[in-house]
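Undergrad: Just so it is clear, I am handing over data_17.csv, which has CSV, C-alpha atoms and all ligand atoms.
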```csv
chain,number,residue,atom,x,y,z
A,20,MET,CA,-9.6,23.7,31.0
A,21,SER,CA,-7.4,22.4,33.8
A,22,ILE,CA,-3.7,23.3,33.7
A,23,GLN,CA,-3.0,19.6,34.0
A,24,PRO,CA,-4.9,18.3,30.9
A,25,MET,CA,-5.0,14.7,32.2
A,26,ASP,CA,-6.7,15.8,35.4
A,27,PHE,CA,-10.2,14.2,35.5
A,28,SER,CA,-11.3,16.0,38.8
A,29,GLY,CA,-15.0,16.9,38.6
A,30,LYS,CA,-15.5,14.5,35.7
A,31,ARG,CA,-17.7,11.5,35.6
A,32,VAL,CA,-16.8,8.7,33.2
A,33,LEU,CA,-18.6,5.4,32.4
A,34,VAL,CA,-16.3,2.4,31.9
A,35,THR,CA,-17.9,-0.7,30.4
A,36,GLY,CA,-16.2,-4.0,31.0
A,37,ALA,CA,-14.9,-2.7,34.3
A,38,SER,CA,-15.2,-6.0,36.0
A,39,SER,CA,-12.0,-7.4,34.4
A,40,GLY,CA,-8.8,-6.8,32.4
A,41,ILE,CA,-8.5,-3.7,30.3
A,42,GLY,CA,-11.8,-2.1,31.7
A,43,ARG,CA,-10.7,-2.6,35.3
A,44,ALA,CA,-7.3,-1.0,34.5
A,45,CYS,CA,-9.1,1.9,32.9
A,46,ALA,CA,-11.3,2.4,35.9
A,47,VAL,CA,-8.3,2.3,38.3
A,48,LEU,CA,-6.3,4.8,36.3
A,49,LEU,CA,-9.3,7.2,35.7
A,50,ALA,CA,-10.0,7.2,39.4
A,51,GLU,CA,-6.4,7.9,40.1
A,52,LEU,CA,-6.6,10.9,37.7
A,53,GLY,CA,-9.6,12.2,39.7
A,54,ALA,CA,-12.6,10.9,37.9
A,55,LYS,CA,-15.8,9.6,39.4
A,56,VAL,CA,-16.3,6.2,37.7
A,57,ILE,CA,-19.4,4.4,36.8
A,58,LEU,CA,-18.4,0.7,36.5
A,59,ASN,CA,-20.3,-1.6,34.2
A,60,GLY,CA,-20.1,-5.3,33.6
A,61,ARG,CA,-22.6,-8.2,34.4
A,62,ASN,CA,-20.9,-9.7,37.3
A,63,ILE,CA,-21.7,-7.6,40.4
A,64,GLN,CA,-19.1,-9.4,42.6
A,65,THR,CA,-16.2,-8.6,40.3
A,66,LEU,CA,-17.5,-5.1,39.7
A,67,GLN,CA,-17.5,-4.5,43.4
A,68,HIS,CA,-13.9,-5.9,43.6
A,69,THR,CA,-12.9,-3.2,41.0
A,70,ALA,CA,-14.8,-0.5,42.9
A,71,GLU,CA,-13.0,-1.4,46.1
A,72,SER,CA,-9.6,-0.9,44.4
A,73,LEU,CA,-10.4,2.6,43.2
A,74,VAL,CA,-9.1,5.7,45.0
A,75,GLY,CA,-11.4,8.7,45.6
A,76,GLY,CA,-15.2,8.7,46.1
A,77,GLY,CA,-18.4,8.8,44.1
A,78,HIS,CA,-17.8,5.6,42.1
A,79,VAL,CA,-20.8,3.4,41.5
A,80,CYS,CA,-21.4,-0.1,40.1
A,81,ALA,CA,-24.0,-0.3,37.3
A,82,PRO,CA,-24.4,-3.9,36.1
A,83,PHE,CA,-26.1,-4.2,32.7
A,84,ASP,CA,-25.9,-6.8,29.9
A,85,MET,CA,-24.6,-5.3,26.7
A,86,THR,CA,-26.5,-7.9,24.6
A,87,ASP,CA,-29.7,-5.9,25.6
A,88,THR,CA,-29.0,-3.3,23.0
A,89,ASP,CA,-32.6,-2.0,22.7
A,90,LYS,CA,-32.6,-1.0,26.4
A,91,LEU,CA,-29.1,0.6,26.5
A,92,CYS,CA,-30.1,4.1,25.6
A,93,ASP,CA,-32.7,4.2,28.3
A,94,TRP,CA,-30.2,2.7,30.8
A,95,ILE,CA,-27.8,5.6,30.1
A,96,LYS,CA,-30.7,8.1,30.6
A,97,THR,CA,-31.5,6.4,34.0
A,98,LEU,CA,-27.8,6.4,35.0
A,99,THR,CA,-27.4,10.1,34.3
A,100,ALA,CA,-30.7,10.9,36.1
A,101,GLU,CA,-29.4,9.0,39.2
A,102,HIS,CA,-25.8,10.0,39.2
A,103,GLY,CA,-25.4,13.1,37.0
A,104,TYR,CA,-24.2,13.8,33.5
A,105,LEU,CA,-21.3,11.8,32.0
A,106,ASP,CA,-18.3,13.6,30.6
A,107,GLY,CA,-17.3,10.6,28.6
A,108,PHE,CA,-17.1,6.9,28.4
A,109,VAL,CA,-14.8,4.1,27.4
A,110,HIS,CA,-16.4,1.0,25.9
A,111,CYS,CA,-14.2,-2.0,26.9
A,112,ALA,CA,-16.9,-4.6,27.2
A,113,GLY,CA,-16.4,-7.2,24.6
A,114,VAL,CA,-16.4,-10.9,23.7
A,115,GLN,CA,-14.0,-13.0,21.6
A,116,VAL,CA,-14.8,-16.6,20.6
A,117,THR,CA,-12.5,-18.3,18.1
A,118,LYS,CA,-14.6,-20.1,15.5
A,119,PRO,CA,-13.6,-21.3,12.1
A,120,ILE,CA,-16.2,-20.8,9.3
A,121,ARG,CA,-17.4,-24.4,9.5
A,122,LEU,CA,-18.7,-23.6,13.0
A,123,PHE,CA,-20.4,-20.4,12.0
A,124,ASP,CA,-24.0,-19.8,13.2
A,125,GLN,CA,-26.4,-16.9,13.5
A,126,ALA,CA,-26.5,-16.8,17.3
A,127,PHE,CA,-22.7,-16.5,17.6
A,128,PHE,CA,-22.7,-13.7,15.0
A,129,ASP,CA,-25.5,-11.8,16.7
A,130,ASP,CA,-24.0,-12.2,20.2
A,131,THR,CA,-20.6,-10.9,19.0
A,132,MET,CA,-22.0,-8.0,17.1
A,133,HIS,CA,-24.4,-7.0,19.8
A,134,VAL,CA,-21.9,-6.9,22.7
A,135,ASN,CA,-18.9,-5.6,20.6
A,136,LEU,CA,-20.6,-3.2,18.2
A,137,ALA,CA,-24.3,-2.4,18.5
A,138,SER,CA,-23.9,-1.6,22.1
A,139,ALA,CA,-21.3,1.1,21.2
A,140,MET,CA,-23.9,2.8,19.0
A,141,ALA,CA,-26.7,2.5,21.6
A,142,ILE,CA,-24.5,3.9,24.5
A,143,THR,CA,-23.5,6.8,22.3
A,144,GLN,CA,-27.1,7.5,21.5
A,145,GLY,CA,-27.9,7.8,25.2
A,146,PHE,CA,-24.8,9.8,26.0
A,147,ARG,CA,-25.5,12.3,23.3
A,148,LEU,CA,-29.0,13.0,24.6
A,149,LYS,CA,-28.2,13.5,28.3
A,150,ARG,CA,-25.1,15.6,28.8
A,151,ASP,CA,-23.8,19.1,29.6
A,152,ARG,CA,-23.4,20.5,26.0
A,153,THR,CA,-21.2,23.4,27.2
A,154,LYS,CA,-18.4,20.8,27.9
A,155,GLN,CA,-16.6,18.7,25.3
A,156,GLY,CA,-17.5,15.1,25.6
A,157,ALA,CA,-15.2,12.2,24.8
A,158,ILE,CA,-15.8,8.6,23.7
A,159,VAL,CA,-13.2,5.9,23.4
A,160,PHE,CA,-14.0,2.5,21.8
A,161,VAL,CA,-11.8,-0.5,22.5
A,162,ALA,CA,-11.3,-2.3,19.2
A,163,SER,CA,-8.5,-4.7,18.4
A,164,ILE,CA,-5.7,-5.2,15.8
A,165,ALA,CA,-8.0,-8.1,14.8
A,166,GLY,CA,-10.0,-5.4,13.0
A,167,LEU,CA,-6.9,-4.4,11.0
A,168,ILE,CA,-5.5,-7.8,10.0
A,169,GLY,CA,-6.7,-11.3,9.1
A,170,GLN,CA,-6.6,-14.1,11.8
A,171,THR,CA,-7.8,-17.6,11.2
A,172,GLY,CA,-10.9,-18.4,13.2
A,173,ASN,CA,-11.2,-14.8,14.4
A,174,THR,CA,-13.1,-13.3,11.4
A,175,VAL,CA,-16.4,-12.4,13.1
A,176,TYR,CA,-14.6,-10.8,16.1
A,177,GLY,CA,-12.3,-9.0,13.6
A,178,ALA,CA,-15.4,-7.7,11.7
A,179,SER,CA,-17.0,-6.4,14.9
A,180,LYS,CA,-13.8,-4.5,15.8
A,181,ALA,CA,-13.3,-3.2,12.3
A,182,GLY,CA,-16.9,-2.0,12.7
A,183,LEU,CA,-15.9,-0.1,15.8
A,184,MET,CA,-13.2,1.7,13.8
A,185,SER,CA,-15.8,2.6,11.2
A,186,LEU,CA,-18.2,3.8,13.9
A,187,THR,CA,-15.4,6.0,15.3
A,188,ARG,CA,-15.0,7.8,11.9
A,189,GLY,CA,-18.8,8.1,11.3
A,190,LEU,CA,-19.8,9.2,14.8
A,191,SER,CA,-16.9,11.6,15.1
A,192,MET,CA,-18.4,13.5,12.1
A,193,GLU,CA,-22.0,13.1,13.2
A,194,LEU,CA,-21.3,14.3,16.7
A,195,LEU,CA,-19.2,17.4,15.8
A,196,ARG,CA,-22.1,19.7,16.5
A,197,ASP,CA,-22.7,18.0,19.8
A,198,ASN,CA,-19.1,18.8,20.9
A,199,ILE,CA,-18.3,15.1,21.3
A,200,ARG,CA,-15.0,13.6,20.2
A,201,VAL,CA,-14.9,9.9,19.2
A,202,ASN,CA,-11.6,7.9,19.2
A,203,CYS,CA,-10.6,4.3,19.3
A,204,VAL,CA,-7.7,2.1,20.5
A,205,ALA,CA,-6.7,-1.1,18.8
A,206,PRO,CA,-4.7,-3.3,21.2
A,207,ALA,CA,-2.7,-6.4,20.2
A,208,LEU,CA,-2.6,-9.3,22.7
A,209,VAL,CA,-2.9,-8.1,26.3
A,210,ALA,CA,-2.5,-10.3,29.3
A,211,THR,CA,-6.1,-10.6,30.6
A,212,ASP,CA,-8.7,-13.3,31.2
A,213,MET,CA,-9.6,-13.0,27.5
A,214,ALA,CA,-6.1,-13.8,26.5
A,215,GLU,CA,-6.1,-16.8,28.8
A,216,ARG,CA,-9.3,-18.1,27.2
A,217,THR,CA,-7.7,-17.6,23.7
A,218,LYS,CA,-4.7,-19.6,25.0
A,219,ALA,CA,-7.0,-22.4,26.2
A,220,SER,CA,-8.6,-22.6,22.8
A,221,MET,CA,-5.4,-23.4,20.9
A,222,THR,CA,-2.3,-25.6,21.1
A,223,GLU,CA,0.7,-24.4,23.1
A,224,ALA,CA,2.6,-24.0,19.7
A,225,GLN,CA,-0.2,-21.9,18.2
A,226,PHE,CA,-0.3,-19.6,21.2
A,227,GLN,CA,3.5,-19.3,21.3
A,228,HIS,CA,3.5,-18.4,17.6
A,229,MET,CA,1.0,-15.6,18.5
A,230,VAL,CA,3.2,-14.4,21.4
A,231,ASN,CA,6.2,-14.4,19.1
A,232,GLN,CA,4.5,-11.9,16.8
A,233,HIS,CA,4.8,-9.3,19.6
A,234,PRO,CA,8.3,-7.9,19.4
A,235,MET,CA,7.9,-6.1,22.8
A,236,GLY,CA,6.1,-9.0,24.4
A,237,LEU,CA,2.4,-9.1,25.5
A,238,GLY,CA,0.7,-5.9,26.6
A,239,GLN,CA,-0.5,-5.3,30.1
A,240,PRO,CA,-4.0,-3.9,30.7
A,241,GLU,CA,-2.3,-0.7,32.1
A,242,ASP,CA,-0.7,-0.1,28.7
A,243,VAL,CA,-4.1,0.2,27.1
A,244,ALA,CA,-5.6,2.2,30.0
A,245,ASN,CA,-2.8,4.8,29.5
A,246,ALA,CA,-3.8,5.4,25.9
A,247,VAL,CA,-7.5,5.4,26.8
A,248,ALA,CA,-7.1,8.0,29.5
A,249,PHE,CA,-5.1,10.2,27.2
A,250,LEU,CA,-7.8,10.1,24.5
A,251,LEU,CA,-10.6,10.7,27.0
A,252,SER,CA,-8.7,13.6,28.5
A,253,ASP,CA,-8.4,17.3,27.6
A,254,ALA,CA,-4.8,16.5,26.5
A,255,ALA,CA,-6.5,15.1,23.4
A,256,LYS,CA,-9.0,17.9,22.9
A,257,TRP,CA,-8.0,18.3,19.2
A,258,ILE,CA,-7.8,14.6,18.4
A,259,ASN,CA,-10.8,13.1,16.8
A,260,ALA,CA,-11.7,10.1,14.7
A,261,VAL,CA,-8.4,8.3,15.2
A,262,THR,CA,-7.8,4.6,15.8
A,263,LEU,CA,-4.6,4.3,17.9
A,264,PRO,CA,-2.9,1.0,17.7
A,265,VAL,CA,-1.6,0.0,21.1
A,266,GLU,CA,0.4,-3.1,20.1
A,267,GLY,CA,4.1,-3.1,21.1
A,268,GLY,CA,5.3,-3.0,17.5
A,269,TYR,CA,3.0,-5.9,16.3
A,270,LEU,CA,2.0,-4.2,13.1
A,271,ALA,CA,5.6,-3.2,12.2
A,272,ASN,CA,6.8,-6.8,12.6
A,301,LIG,N1,-7.0,-9.0,25.9
A,301,LIG,C1,-6.7,-8.8,24.6
A,301,LIG,O1,-5.7,-9.4,24.2
A,301,LIG,C2,-7.4,-7.8,23.8
A,301,LIG,C3,-6.8,-7.4,22.6
A,301,LIG,C4,-7.5,-6.5,21.8
A,301,LIG,C5,-8.7,-6.0,22.2
A,301,LIG,N2,-9.3,-6.4,23.4
A,301,LIG,C6,-10.6,-5.9,23.7
A,301,LIG,O2,-10.5,-5.3,25.0
A,301,LIG,C7,-11.7,-5.3,25.6
A,301,LIG,C8,-11.5,-5.8,27.0
A,301,LIG,O3,-11.0,-7.1,26.9
A,301,LIG,P1,-10.2,-7.8,28.2
A,301,LIG,O4,-9.1,-8.5,27.6
A,301,LIG,O5,-10.1,-6.9,29.3
A,301,LIG,O6,-11.3,-9.0,28.4
A,301,LIG,P2,-11.9,-9.6,29.8
A,301,LIG,O7,-10.9,-9.6,30.8
A,301,LIG,O8,-12.6,-10.9,29.3
A,301,LIG,O9,-13.1,-8.6,30.1
A,301,LIG,C9,-14.2,-8.4,29.3
A,301,LIG,C10,-15.1,-7.5,30.0
A,301,LIG,O10,-16.3,-7.4,29.2
A,301,LIG,C11,-17.4,-7.5,30.0
A,301,LIG,N3,-18.5,-8.1,29.2
A,301,LIG,C12,-18.5,-9.2,28.4
A,301,LIG,N4,-19.7,-9.5,27.9
A,301,LIG,C13,-20.5,-8.5,28.4
A,301,LIG,C14,-21.9,-8.3,28.3
A,301,LIG,N5,-22.7,-9.0,27.5
A,301,LIG,N6,-22.4,-7.2,29.0
A,301,LIG,C15,-21.7,-6.4,29.8
A,301,LIG,N7,-20.3,-6.6,29.9
A,301,LIG,C16,-19.8,-7.7,29.2
A,301,LIG,C17,-17.0,-8.5,31.1
A,301,LIG,O11,-17.8,-8.3,32.2
A,301,LIG,P3,-18.7,-9.4,32.9
A,301,LIG,O12,-17.9,-10.7,32.9
A,301,LIG,O13,-18.9,-8.8,34.3
A,301,LIG,O14,-19.9,-9.5,32.2
A,301,LIG,C18,-15.6,-8.0,31.4
A,301,LIG,O15,-15.6,-6.9,32.3
A,301,LIG,C19,-12.6,-6.2,24.8
A,301,LIG,O16,-13.5,-5.4,24.0
A,301,LIG,C20,-11.7,-6.9,23.9
A,301,LIG,O17,-12.3,-7.3,22.7
A,301,LIG,C21,-8.7,-7.3,24.2
```
In structure tokens, what does this structure look like?

TA:
Amino acid sequence: MSIQPMDFSGKRVLVTGASSGIGRACAVLLAELGAKVILNGRNIQTLQHTAESLVGGGHVCAPFDMTDTDKLCDWIKTLTAEHGYLDGFVHCAGVQVTKPIRLFDQAFFDDTMHVNLASAMAITQGFRLKRDRTKQGAIVFVASIAGLIGQTGNTVYGASKAGLMSLTRGLSMELLRDNIRVNCVAPALVATDMAERTKASMTEAQFQHMVNQHPMGLGQPEDVANAVAFLLSDAAKWINAVTLPVEGGYLAN
């Protein structure tokens, strides 16, 4: 193990959702810490924009749609065949659509669950199969405090994020013998495009009420990236199955 446990030199890490917000901040930080980063999202232009902002070499863009869950395991196998084994991944890709129950429909449910939850399982399936088993692997899922509390109109999203927390506990036990740790972060409101879309879906007063529930103000993508990098790193080599709230005191409020 490196003397500096947050040194990612020689490590290759997949970041999903790397074209924007929290995923982009994770990619930037992990590259600064020495990792080679595989950047996933759907939009190749914004992925390339992230890639151009990374220090170091060996980073690659790997667009793929997370709704295509059945093909994700094979996609991971192809990625590792082309670029080498992964040491870990952070799953930031996610969708949030505010919909009260009267607007519920199957397609909305399926889309949210595929992108936010089923994809996490399928990526893990591929990661477990194709890796250097002599090294400890690390997974971090990006959930949300919406999985811990109730929010009007955000029930399906909350269920998908609570599912990620459950996956964290289940997979951490199932993958013990594979030498893979599985952890999770649960951010409160972070200033990204997703938060801007949430703002656009409500009145000014409703959004301000949400902001007021954050005693330390809104989070920045880098605040979440710091926690993710720690959990992915050797500094957390004895930390497993946890969901770490990253929420500026939201839950204590
Ligand atoms: N911002 C917040 O307040 C907040 C709070 C708690 C948790 N989170 C969670 O944090 C994660 C990142 O959110 P963010 O705020 O950074 O959102 P964002 O800026 O909207 O970024 C979302 C990312 O997910 C990717 N993505 C969405 N659908 C995808 C699909 N079908 N296939 C592949 N990639 C897909 C997007 O890539 P493309 O556009 O290139 O497809 C983009 O890179 C999400 O899981 C979100 O639920 C966010």

Undergrad: If we count all atoms listed in the file, what is near region 235-241 of chain A at a cut-off of 10 Å, once residues fewer than 2 positions away on the same chain are taken out, given as a ChimeraX atom specification?

TA: /A:39-45,47-48,206-211,214,229-233,243-247,265-269

Undergrad: Pull C-alpha atoms from the residues just selected and write them as a PDB file, keeping the file's coordinate frame.

TA:
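Saved as selection-v8.pdb:
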```pdb
ATOM      1  CA  SER A  39     -12.000  -7.400  34.400  1.00  0.00           C
ATOM      2  CA  GLY A  40      -8.800  -6.800  32.400  1.00  0.00           C
ATOM      3  CA  ILE A  41      -8.500  -3.700  30.300  1.00  0.00           C
ATOM      4  CA  GLY A  42     -11.800  -2.100  31.700  1.00  0.00           C
ATOM      5  CA  ARG A  43     -10.700  -2.600  35.300  1.00  0.00           C
ATOM      6  CA  ALA A  44      -7.300  -1.000  34.500  1.00  0.00           C
ATOM      7  CA  CYS A  45      -9.100   1.900  32.900  1.00  0.00           C
ATOM      8  CA  VAL A  47      -8.300   2.300  38.300  1.00  0.00           C
ATOM      9  CA  LEU A  48      -6.300   4.800  36.300  1.00  0.00           C
ATOM     10  CA  PRO A 206      -4.700  -3.300  21.200  1.00  0.00           C
ATOM     11  CA  ALA A 207      -2.700  -6.400  20.200  1.00  0.00           C
ATOM     12  CA  LEU A 208      -2.600  -9.300  22.700  1.00  0.00           C
ATOM     13  CA  VAL A 209      -2.900  -8.100  26.300  1.00  0.00           C
ATOM     14  CA  ALA A 210      -2.500 -10.300  29.300  1.00  0.00           C
ATOM     15  CA  THR A 211      -6.100 -10.600  30.600  1.00  0.00           C
ATOM     16  CA  ALA A 214      -6.100 -13.800  26.500  1.00  0.00           C
ATOM     17  CA  MET A 229       1.000 -15.600  18.500  1.00  0.00           C
ATOM     18  CA  VAL A 230       3.200 -14.400  21.400  1.00  0.00           C
ATOM     19  CA  ASN A 231       6.200 -14.400  19.100  1.00  0.00           C
ATOM     20  CA  GLN A 232       4.500 -11.900  16.800  1.00  0.00           C
ATOM     21  CA  HIS A 233       4.800  -9.300  19.600  1.00  0.00           C
ATOM     22  CA  VAL A 243      -4.100   0.200  27.100  1.00  0.00           C
ATOM     23  CA  ALA A 244      -5.600   2.200  30.000  1.00  0.00           C
ATOM     24  CA  ASN A 245      -2.800   4.800  29.500  1.00  0.00           C
ATOM     25  CA  ALA A 246      -3.800   5.400  25.900  1.00  0.00           C
ATOM     26  CA  VAL A 247      -7.500   5.400  26.800  1.00  0.00           C
ATOM     27  CA  VAL A 265      -1.600   0.000  21.100  1.00  0.00           C
ATOM     28  CA  GLU A 266       0.400  -3.100  20.100  1.00  0.00           C
ATOM     29  CA  GLY A 267       4.100  -3.100  21.100  1.00  0.00           C
ATOM     30  CA  GLY A 268       5.300  -3.000  17.500  1.00  0.00           C
ATOM     31  CA  TYR A 269       3.000  -5.900  16.300  1.00  0.00           C
TER      32      TYR A 269
END
```

Undergrad: Hey, can you check how far CA of Leu270 (chain A) sits from CA of Phe127 (chain A)?

TA: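 Interatomic distance here is 28.0 Å.
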
Undergrad: Contacts of Arg150 (chain A) at 10 Å or less, counting only C-alpha atoms, minus same-chain residues fewer than 4 places along, as a list in words?

TA: Lys96, Thr99, Gly103, Tyr104, Leu105, Asp106, Gly107, Gly145, Phe146, Lys154, Gln155, Gly156 and Asp197 of chain A

Undergrad: Hey, which of A:Phe27, A:Ser38, A:Thr97, A:Leu52 ends up closest to Thr69 (chain A)? Count all atoms listed in the file.

TA: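 When distances to Thr69 (chain A) are compared using all atoms listed in the file, the smallest one comes from A:Ser38.
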
Undergrad: Can you measure atom O17 of ligand LIG 301 (chain A) to CA of Ala260 (chain A) for me? One decimal in Å is fine.

TA: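 Interatomic distance, atom O17 of ligand LIG 301 (chain A) to CA of Ala260 (chain A): 19.2 Å.
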
Undergrad: With only C-alpha atoms as the basis for distance, which of A:Met140, A:Leu251, A:Ile258, A:Ile199 is at the shortest distance from Leu91 (chain A)?

TA: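 Among A:Met140, A:Leu251, A:Ile258, A:Ile199, it is A:Met140 that comes nearest to Leu91 (chain A).
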
Undergrad: Have a look at A:Val159, A:Gly36, A:Ala81, A:Glu71 and name the one nearest to Ile57 (chain A); count all atoms listed in the file.

TA: A:Ala81

Undergrad: Using all atoms listed in the file, determine which residues lie at most 7 Å from Leu263 (chain A), disregarding the query and same-chain residues fewer than 5 positions distant; provide the list as a ChimeraX atom specification.

TA: /A:203-205

Undergrad: Could you work out an axis-aligned box for region 194-212 of chain A, taking every atom the file lists and adding 4 Å on each side, and report centre and edge lengths in Å to one decimal, as AutoDock Vina command-line options?

TA:
```
--center_x -12.6 --center_y 3.2 --center_z 23.5 --size_x 28.2 --size_y 41.0 --size_z 23.4
```

Undergrad: Tell me which of A:Leu58, A:Glu193, A:Ser28, A:Ala254 sits closest to Ala70 (chain A), counting only C-alpha atoms.

TA: A:Leu58

Undergrad: From the options A:Asp84, A:Glu215, A:Asp242, A:Asp124, which residue's atoms come nearest to ligand LIG 301 (chain A), counting all atoms listed in the file?

TA: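 Looking at the shortest contact to ligand LIG 301 (chain A), the residue is A:Asp84.
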
Undergrad: Counting all atoms listed in the file, what is within 6 Å of region 172-189 of chain A, bar same-chain residues fewer than 2 positions away, as a PyMOL selection string?

TA: chain A and resi 115+117-119+132+136+162-163+165-166+170+191-192+201-202+260

Undergrad: Between A:Leu122, A:Val114, A:Ala271, A:Met221, which residue has the minimum interatomic distance to ligand LIG 301 (chain A), considering all atoms listed in the file?

TA: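 That would be A:Val114, the residue with the smallest distance to ligand LIG 301 (chain A).
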
Undergrad: Please tell me which residues are no farther than 12 Å from (-14.9, 13.8, 47.5) in the file, counting all atoms listed in the file, and write them as a list in words.

TA: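 These residues have at least one counted atom within 12 Å: Ser28, Gly29, Lys30, Ala50, Gly53, Ala54, Lys55, Val74, Gly75, Gly76, Gly77 and His78 of chain A.
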
Undergrad: Since we have the selection now, will you write its residues out, keeping C-alpha atoms, as a short mmCIF file (atom, residue, chain, number, x, y, z; two decimals), in the frame of the given file?

TA:
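What ended up in out-v7.cif:
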```
data_model
loop_
_atom_site.label_atom_id
_atom_site.label_comp_id
_atom_site.auth_asym_id
_atom_site.auth_seq_id
_atom_site.Cartn_x
_atom_site.Cartn_y
_atom_site.Cartn_z
CA SER A 28 -11.30 16.00 38.80
CA GLY A 29 -15.00 16.90 38.60
CA LYS A 30 -15.50 14.50 35.70
CA ALA A 50 -10.00 7.20 39.40
CA GLY A 53 -9.60 12.20 39.70
CA ALA A 54 -12.60 10.90 37.90
CA LYS A 55 -15.80 9.60 39.40
CA VAL A 74 -9.10 5.70 45.00
CA GLY A 75 -11.40 8.70 45.60
CA GLY A 76 -15.20 8.70 46.10
CA GLY A 77 -18.40 8.80 44.10
CA HIS A 78 -17.80 5.60 42.10
#
```

Undergrad: If I take CA of Thr143 (chain A) and CA of Arg216 (chain A), how far is one from the other in Å, to one decimal?

TA: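 About the pair CA of Thr143 (chain A) and CA of Arg216 (chain A): they are 29.1 Å apart.
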